[in-house]
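A.B. asks: The structure that follows is given in the form of structure tokens.
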Protein chains: 4
Amino acid sequence: MMIVMQEGATDEQIAHVVARIEEVGASAHVSVGERVTVIGAIGDREELAGVPLEACPGVDRVVAVLKPYKLVGREFHPDDTVVEVRGKRLGGGHFGMIAGPCSVETEEQVMAAARTVAAAGGTMLRGGAFKPRSSPYAFQGLGVDGLKILAEARDETGLPIVTELMDPRDLDDLLAVADVVQIGARNMQNFQLLSEVGRCDAPVLLKRGLAATIEEWLMAAEYIVKEGNRRVILCERGIRTFETATRNTLDVSAVPVVRLVSHLPVIVDPSHATGRPDLVLPLSLAAVAAGADGVLVETHPNPEHALCDGPQSLAPEAFAEFAERVTELVRWTGKVLS
Amino acid sequence: MMIVMQEGATDEQIAHVVARIEEVGASAHVSVGERVTVIGAIGDREELAGVPLEACPGVDRVVAVLKPYKLVGREFHPDDTVVEVRGKRLGGGHFGMIAGPCSVETEEQVMAAARTVAAAGGTMLRGGAFKPRSSPYAFQGLGVDGLKILAEARDETGLPIVTELMDPRDLDDLLAVADVVQIGARNMQNFQLLSEVGRCDAPVLLKRGLAATIEEWLMAAEYIVKEGNRRVILCERGIRTFETATRNTLDVSAVPVVRLVSHLPVIVDPSHATGRPDLVLPLSLAAVAAGADGVLVETHPNPEHALCDGPQSLAPEAFAEFAERVTELVRWTGKVLS
Amino acid sequence: MMIVMQEGATDEQIAHVVARIEEVGASAHVSVGERVTVIGAIGDREELAGVPLEACPGVDRVVAVLKPYKLVGREFHPDDTVVEVRGKRLGGGHFGMIAGPCSVETEEQVMAAARTVAAAGGTMLRGGAFKPRSSPYAFQGLGVDGLKILAEARDETGLPIVTELMDPRDLDDLLAVADVVQIGARNMQNFQLLSEVGRCDAPVLLKRGLAATIEEWLMAAEYIVKEGNRRVILCERGIRTFETATRNTLDVSAVPVVRLVSHLPVIVDPSHATGRPDLVLPLSLAAVAAGADGVLVETHPNPEHALCDGPQSLAPEAFAEFAERVTELVRWTGKVLS
Amino acid sequence: MMIVMQEGATDEQIAHVVARIEEVGASAHVSVGERVTVIGAIGDREELAGVPLEACPGVDRVVAVLKPYKLVGREFHPDDTVVEVRGKRLGGGHFGMIAGPCSVETEEQVMAAARTVAAAGGTMLRGGAFKPRSSPYAFQGLGVDGLKILAEARDETGLPIVTELMDPRDLDDLLAVADVVQIGARNMQNFQLLSEVGRCDAPVLLKRGLAATIEEWLMAAEYIVKEGNRRVILCERGIRTFETATRNTLDVSAVPVVRLVSHLPVIVDPSHATGRPDLVLPLSLAAVAAGADGVLVETHPNPEHALCDGPQSLAPEAFAEFAERVTELVRWTGKVLS
């Protein structure tokens, strides 16, 4: 941690900052510049982070030197984490193609979607039983009944189930069915929920918040891993910007950035990033080329009648073509779909 | 709702959209332009919102005509809502000055802060017992013990307590003490939590999410009011932008925008918006001048030793000066501090 | 300047960075932490800025310690700069109320607007002869003919003229009439234009770019002042964010931030910031309360027939009410309208 | 164009809007909803755009139905535009690999970079003689002398030259050397400059502004094409967002979006988008996979000694590897490097 003093900071103010640093057992190195003095604080990261040095008189700003996360960082665990679930793998050269409807509506709908996904070589089935909706008047999901339908789809196709948890009180019900627990973008900093799924056995698919920096996203993953659950899949799904041609802006750079600093697998959801079915294929290919460990896309047997996010879902034929093209590019990158 | 067809949309595609609209009991008005056809759909707002018309072939985009919220809108309730709690009022000409430490740390600290707030004419005491922190290694709050300290502070000063709820499972404990339940920015779209507090008796202070549009914020309030709790106070606390001189960017325009379209009171939190104590006074004055119904600021008996957000907290003397100047401007606007 | 090395940087890499720093006559202080080494570079700001240290092997990132601007900073010139033009003052306790139509359309229109402004106590007249328009098919301004009309309005009312320069080749024509040269938001980083107006005698009103940080805006002012023209007025006019309720997001925090770090006066343009006439008054009051040295607003004798930005212009009666209320608050702040 | 009236708009207000529409020779279709009336205006796009209908009493908002651009749209010119220069092609299945140093520094530097680019199969050479720099104290480019060096590099390697124009007064000098005129991100809405290059013979490479929507970017291209120059290459180079891990956020979605609505070729500049050499390859691959018609990257014989943007430039060996991998993926997409 480096403390940059204001121009004109007094010797007394500098001495006071040094004293505060030493109080927590850290050591301070004072570097006097022509106009500005900088104090380097060396010691335990968390101890130092707990001292509000910006509030000391004469301090201009505090610059962190160390990254705030530990367990999710590559320094801590240099090899790629491979998440394995019901024989499917994701990460470390294994590419996951996760697809399915936005929300579980009926048994017929889910079974049709699951067959489409399985036939095209998809590796997991997604579908929401609990749905976060901006409007209280919109369809909120089938809840526990939806989970049962997902279980049937898995029984028939063998595809592991990825489904979203919104409320810690639903965790047990959800774990009875879910193979992978999804934490949605809006809950990326619902810290109680993160800690809860950190204590369970299932892998967690953690979506990036709309306004979360990559570092905050990794800190959210750290909440999960800190509780003991190391099987976290990160999912980039678009950030909020001024551009209106797409619903959100896919930050494809997040893929190589995460891969450089973290061992966790990172996938991309182009359906939510853009809200447009005509962009799902080109952006999935972009994600694969950038090094993503998987994609998460929406497909619906009949997008025009979907109760949720129909407009961005791929119809069955479109999904088959999509899967073929993505599979080819995955192969080109040297990864395997498995 | 208006459906803008693509250039070159066929008569069949237009007829299909009309049919889908009529299926839900709405009526369709087709307006054929030189290049583009627009279909107006007239009928029940929610019924129509449930039809994914963008997924129909030939549709370019769907434009909402009606606002998505009802109960929080001025059309529904033209007069300002006044929130009353323990004799204090906020809204409709009543200005609230809510202040206190970011988090509850010790009895001494909270009592000192409460006395500072009361002495300066503050109307409510804020303080967090449950703290959302980006890092799992940071101080997470005292929990239920913190609530007890807040209760003591209220007993002595008479100031109503504003404190944050993060987990629905803590609601009963929190309601035993809280006069106003705060929902933090990160939980603005935690819909289960919104519905829970919508079913309780206490007023709710709802912070705007970092990346939430004003409309989404009002929809979050609609979740609460829909459950029966009409005492919602909206709180602008900065949105996330590219600017780095301040921690977030205070969207002061949100104050007059909300006041035009909603009857709910709207206040401003300049401490979190900027993260800088030197900006708290000018931005509070800006908020008052723009028509805010209150401010929410951080004060700490000893900012330099705060366990949370010390750098942005006002020290006691600074708070007294702050309160005096804000009170004067409130008077200039014709509102009363009460 | 501080150079943060990567974890695992070698001694050789550290020595290489030190050598590069010393090559330009600066000195290097090496601070070895438990995990990361930080090198402080002390010496001439510009010399050091010219060395691409981030490109050296083993470097994680470079953190600037000193501010990149000099001449516009308060350290360089502690007192407020007061811009005086034709007897009107702005800055240092003098508040400027600059108003007029977005673009010069006809003599009648400009004369009517000028009389409205003068009657209400406005201090300067704004009006565009050269207009930047997003569409090549929109009205582009009257050019030199428009300048003549502005000159007539000044002759009658005595109000100094503020008008925009877009092309360096128009500078002489414009200077024949303009009292204050406006540089628009889109040209904030048109560095040739900045240098040109830096060499002229007239004060410059420099609008902040839509995506410019406050620091970049001050650097743009530095381009002007560096050439010798110290009479620069900064104008906040909204930044681009995700919010759509307003055309841009007024960053009112920029006012106190600029006033803390710079001696240049800073004003606010709520008309362009919001694009809505119903927000012009509350946001002007917010600007005054936050410490602005002036406002720049649009008024048109007949907004409904304006060729440019009619929807956000105040009609004459609205302007008179606006001016009265703003004047009252200016007085409350202790500033004088002059 | 659709005019959405406010709830409660009077018949008189509606009639007034209809009258204003008919005044410009357009026709109005009134659609009365349960709560809100919508008026469709059908007629000449530009005529209607010139009427400030939002300023009419009772109007809530105006929604454009038609796209604001014409000449750059696919409706106007369904086939891909292929830009040909000195035998190299870009667009319509032809991929351009444009590379070179950020700025021209010395003859040796440019010749070395040009040889690296040519040897690796690059199709054009980039290099700046006139440099836009945020700081007036930074290296501003060699100007005309730099152009001469670029001409020499072309003479030896045969690579066409891409170089930036910042000031209309430099156009003739620049055209004496440049094969492609670059308009930088900061000048994307410098409308005089756009019109000037619209009247010249050379192709124009138009970078997207940091805060420009895709629609505004296309409107900037429309300025050029309207003057007669149809050879415009669009270049996505990152937009400004809150994320700090990369200098800007590459909006890779812009590639397929532009390709759907426009016939102009679109390329990607990952060097400026990220400011990091370690992201240039993955993001170039992402761009290719998303359908880009080319990439623009920085390479320098010695990044550590570059006078501008050294940290993001690829060294010669890295560039050779980069070019090989990109070429392979271009082939996979079915495009040719030519």
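Residue numbering restarts at 1 for every chain of the structure tokens, chains are lettered A, B, ... in their displayed order, and ligands are numbered from 1 as they appear.
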List as a PyMOL selection string the protein and nucleic acid residues near A:Ala129, meaning an atom at most 8 Å away when only C-alpha atoms are counted, but skip any in the same chain fewer than 5 places from it.

C.D. replies: chain A and resi 103-104+141-147+163-164

A.B. asks: Set the cut-off to 7 Å and count only C-alpha atoms: what are the residues of chain D that reach chain C? Output as a ChimeraX atom specification.

C.D. replies: /D:46,50,52-56,132,134-138,167,186-187,189-192,210-211,216,219,223,240,303-307,310-311

A.B. asks: For the residues in the current selection, export N, CA, C and O atoms as a short mmCIF file (atom, residue, chain, number, x, y, z; two decimals), in the first residue's frame.

C.D. replies:
data_model
loop_
_atom_site.label_atom_id
_atom_site.label_comp_id
_atom_site.auth_asym_id
_atom_site.auth_seq_id
_atom_site.Cartn_x
_atom_site.Cartn_y
_atom_site.Cartn_z
N GLU D 46 -36.06 14.38 -43.07
CA GLU D 46 -35.33 15.57 -42.61
C GLU D 46 -36.28 16.71 -42.27
O GLU D 46 -36.06 17.44 -41.32
N GLY D 50 -36.59 18.45 -38.42
CA GLY D 50 -36.35 19.87 -38.16
C GLY D 50 -37.41 20.53 -37.30
O GLY D 50 -37.24 21.66 -36.85
N PRO D 52 -39.24 20.94 -33.87
CA PRO D 52 -38.99 20.54 -32.47
C PRO D 52 -40.29 20.18 -31.76
O PRO D 52 -40.76 20.89 -30.87
N LEU D 53 -40.85 19.03 -32.15
CA LEU D 53 -42.16 18.67 -31.61
C LEU D 53 -42.15 18.44 -30.10
O LEU D 53 -43.17 18.63 -29.43
N GLU D 54 -41.00 18.08 -29.55
CA GLU D 54 -40.95 17.88 -28.09
C GLU D 54 -41.28 19.19 -27.37
O GLU D 54 -41.60 19.18 -26.17
N ALA D 55 -41.10 20.31 -28.05
CA ALA D 55 -41.36 21.59 -27.38
C ALA D 55 -42.84 21.97 -27.40
O ALA D 55 -43.24 22.93 -26.76
N CYS D 56 -43.67 21.19 -28.12
CA CYS D 56 -45.10 21.50 -28.14
C CYS D 56 -45.73 21.09 -26.81
O CYS D 56 -45.39 20.04 -26.25
N PRO D 132 -2.42 13.39 -31.57
CA PRO D 132 -3.27 14.00 -30.53
C PRO D 132 -2.82 13.48 -29.17
O PRO D 132 -2.80 12.29 -28.95
N SER D 134 -3.13 13.96 -24.87
CA SER D 134 -3.90 14.57 -23.77
C SER D 134 -3.12 15.71 -23.10
O SER D 134 -3.70 16.64 -22.58
N SER D 135 -1.81 15.58 -23.09
CA SER D 135 -0.99 16.59 -22.41
C SER D 135 -0.25 17.46 -23.42
O SER D 135 0.37 16.95 -24.36
N PRO D 136 -0.26 18.77 -23.20
CA PRO D 136 0.49 19.65 -24.11
C PRO D 136 1.99 19.49 -23.94
O PRO D 136 2.76 20.01 -24.74
N TYR D 137 2.39 18.76 -22.90
CA TYR D 137 3.82 18.58 -22.64
C TYR D 137 4.35 17.29 -23.27
O TYR D 137 5.53 17.01 -23.19
N ALA D 138 3.46 16.49 -23.86
CA ALA D 138 3.89 15.23 -24.45
C ALA D 138 4.32 15.45 -25.90
O ALA D 138 3.97 16.44 -26.53
N ASP D 167 -6.00 18.45 -38.40
CA ASP D 167 -6.27 19.85 -38.68
C ASP D 167 -6.55 19.98 -40.18
O ASP D 167 -5.75 19.51 -41.00
N ARG D 186 -11.00 11.20 -31.11
CA ARG D 186 -11.33 12.51 -30.54
C ARG D 186 -11.92 13.46 -31.58
O ARG D 186 -12.51 14.48 -31.24
N ASN D 187 -11.69 13.18 -32.85
CA ASN D 187 -12.22 14.03 -33.92
C ASN D 187 -13.42 13.42 -34.63
O ASN D 187 -13.82 13.89 -35.69
N GLN D 189 -16.43 13.64 -34.18
CA GLN D 189 -17.49 14.62 -34.44
C GLN D 189 -16.92 16.01 -34.71
O GLN D 189 -17.53 17.01 -34.39
N ASN D 190 -15.74 16.04 -35.32
CA ASN D 190 -15.18 17.29 -35.84
C ASN D 190 -15.74 17.39 -37.26
O ASN D 190 -15.15 16.92 -38.23
N PHE D 191 -16.91 18.01 -37.35
CA PHE D 191 -17.69 17.89 -38.59
C PHE D 191 -17.03 18.58 -39.78
O PHE D 191 -17.18 18.15 -40.91
N GLN D 192 -16.26 19.66 -39.52
CA GLN D 192 -15.56 20.32 -40.62
C GLN D 192 -14.52 19.36 -41.21
O GLN D 192 -14.38 19.26 -42.43
N LEU D 210 -14.88 7.80 -28.18
CA LEU D 210 -14.93 7.10 -26.89
C LEU D 210 -16.32 7.00 -26.31
O LEU D 210 -16.62 6.10 -25.53
N ALA D 211 -17.15 8.00 -26.61
CA ALA D 211 -18.48 8.02 -26.02
C ALA D 211 -19.54 8.08 -27.10
O ALA D 211 -20.65 8.51 -26.86
N GLU D 216 -24.28 7.28 -33.82
CA GLU D 216 -23.56 8.54 -34.02
C GLU D 216 -22.32 8.34 -34.90
O GLU D 216 -21.94 9.22 -35.68
N MET D 219 -23.43 8.21 -38.33
CA MET D 219 -23.77 9.57 -38.79
C MET D 219 -22.51 10.35 -39.14
O MET D 219 -22.52 11.18 -40.06
N TYR D 223 -21.50 12.00 -42.86
CA TYR D 223 -20.92 13.31 -43.20
C TYR D 223 -19.89 13.17 -44.33
O TYR D 223 -19.81 14.00 -45.22
N ARG D 240 -15.56 4.22 -23.57
CA ARG D 240 -15.23 4.52 -22.19
C ARG D 240 -16.30 3.98 -21.25
O ARG D 240 -17.48 4.28 -21.40
N PRO D 303 9.55 -1.34 -28.09
CA PRO D 303 8.45 -0.70 -27.34
C PRO D 303 8.91 0.08 -26.13
O PRO D 303 8.35 1.11 -25.80
N GLU D 304 9.98 -0.42 -25.52
CA GLU D 304 10.45 0.21 -24.29
C GLU D 304 11.00 1.62 -24.51
O GLU D 304 11.16 2.37 -23.56
N HIS D 305 11.34 1.93 -25.75
CA HIS D 305 11.86 3.26 -26.03
C HIS D 305 10.91 4.08 -26.90
O HIS D 305 11.29 5.14 -27.41
N ALA D 306 9.70 3.61 -27.08
CA ALA D 306 8.76 4.35 -27.91
C ALA D 306 8.42 5.70 -27.28
O ALA D 306 8.37 5.83 -26.06
N LEU D 307 8.17 6.70 -28.13
CA LEU D 307 7.82 8.02 -27.61
C LEU D 307 6.33 8.12 -27.32
O LEU D 307 5.85 9.10 -26.79
N GLY D 310 4.17 3.15 -26.11
CA GLY D 310 5.05 2.00 -26.14
C GLY D 310 4.47 0.81 -25.41
O GLY D 310 4.49 -0.32 -25.91
N PRO D 311 3.89 1.02 -24.23
CA PRO D 311 3.47 -0.12 -23.43
C PRO D 311 2.47 -1.03 -24.14
O PRO D 311 2.33 -2.19 -23.78
#

A.B. asks: At what distance in Å, to one decimal, does atom CA of C:Gly184 lie from atom CA of C:His272?

C.D. replies: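 Separation between atom CA of C:His272 and atom CA of C:Gly184: 11.1 Å.
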
A.B. asks: Can you work out the spacing between atom CA of B:Gly91 and atom CA of B:Ala273 in Å, to one decimal?

C.D. replies: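 According to the coordinates, atom CA of B:Gly91 and atom CA of B:Ala273 are separated by 21.3 Å.
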
A.B. asks: Give me, please, the distance in Å between atom CA of D:Arg199 and atom CA of D:Leu264, quoted to one decimal.

C.D. replies: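 Value for the atom CA of D:Arg199-atom CA of D:Leu264 distance: 17.6 Å.
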
A.B. asks: Write out as a PyMOL selection string each polymer residue whose atoms come within 8 Å of stretch 117-120 of chain B, counting only C-alpha atoms; drop sequence neighbours fewer than 6 positions from it.

C.D. replies: chain B and resi 99-100+157+159+319-320+323-324

A.B. asks: Tell me which of A:Leu71, A:Val180, A:Ala287, A:Leu234 sits closest to A:Asp251, counting only C-alpha atoms.

C.D. replies: A:Ala287

A.B. asks: Determine, counting only C-alpha atoms, which protein, DNA and RNA residues have an atom within 8 Å of an atom of A:Ala151; residues of the same chain fewer than 4 positions away are not included. Present the result as a PDB file with C-alpha atoms, in the first residue's frame.

C.D. replies:
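To be explicit, this is the file written out as out.pdb:
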ATOM      1  CA  LEU A 147     -37.155 -27.593 -10.399  1.00  0.00           C
ATOM      2  CA  ASP A 155     -33.177 -37.872 -16.237  1.00  0.00           C
ATOM      3  CA  ILE A 161     -28.740 -28.760 -14.639  1.00  0.00           C
ATOM      4  CA  VAL A 177     -32.042 -30.750  -8.219  1.00  0.00           C
TER       5      VAL A 177
END

A.B. asks: Pick out each residue of stretch 111-167 of chain C that DSSP on the backbone tags as strand (DSSP E or B); I need them as a PDB file with C-alpha atoms, in the first residue's frame.

C.D. replies:
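Final file, result_25.pdb:
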ATOM      1  CA  MET C 124     -23.811  37.651 -21.320  1.00  0.00           C
ATOM      2  CA  LEU C 125     -25.541  36.550 -24.519  1.00  0.00           C
ATOM      3  CA  ARG C 126     -24.878  33.143 -26.027  1.00  0.00           C
ATOM      4  CA  GLY C 128     -24.247  29.800 -32.143  1.00  0.00           C
ATOM      5  CA  ILE C 161     -21.253  37.723 -26.900  1.00  0.00           C
ATOM      6  CA  VAL C 162     -20.336  34.060 -26.279  1.00  0.00           C
ATOM      7  CA  THR C 163     -20.210  32.034 -29.485  1.00  0.00           C
ATOM      8  CA  GLU C 164     -18.688  28.759 -30.603  1.00  0.00           C
TER       9      GLU C 164
END

A.B. asks: Identify, on the basis of only C-alpha atoms, every residue whose closest approach to D:Ala26 does not exceed 7 Å; exclude the query and any residue fewer than 4 positions from it along the same chain; express the result as an MDAnalysis selection string.

C.D. replies: chainID D and resid 21:22 41:44
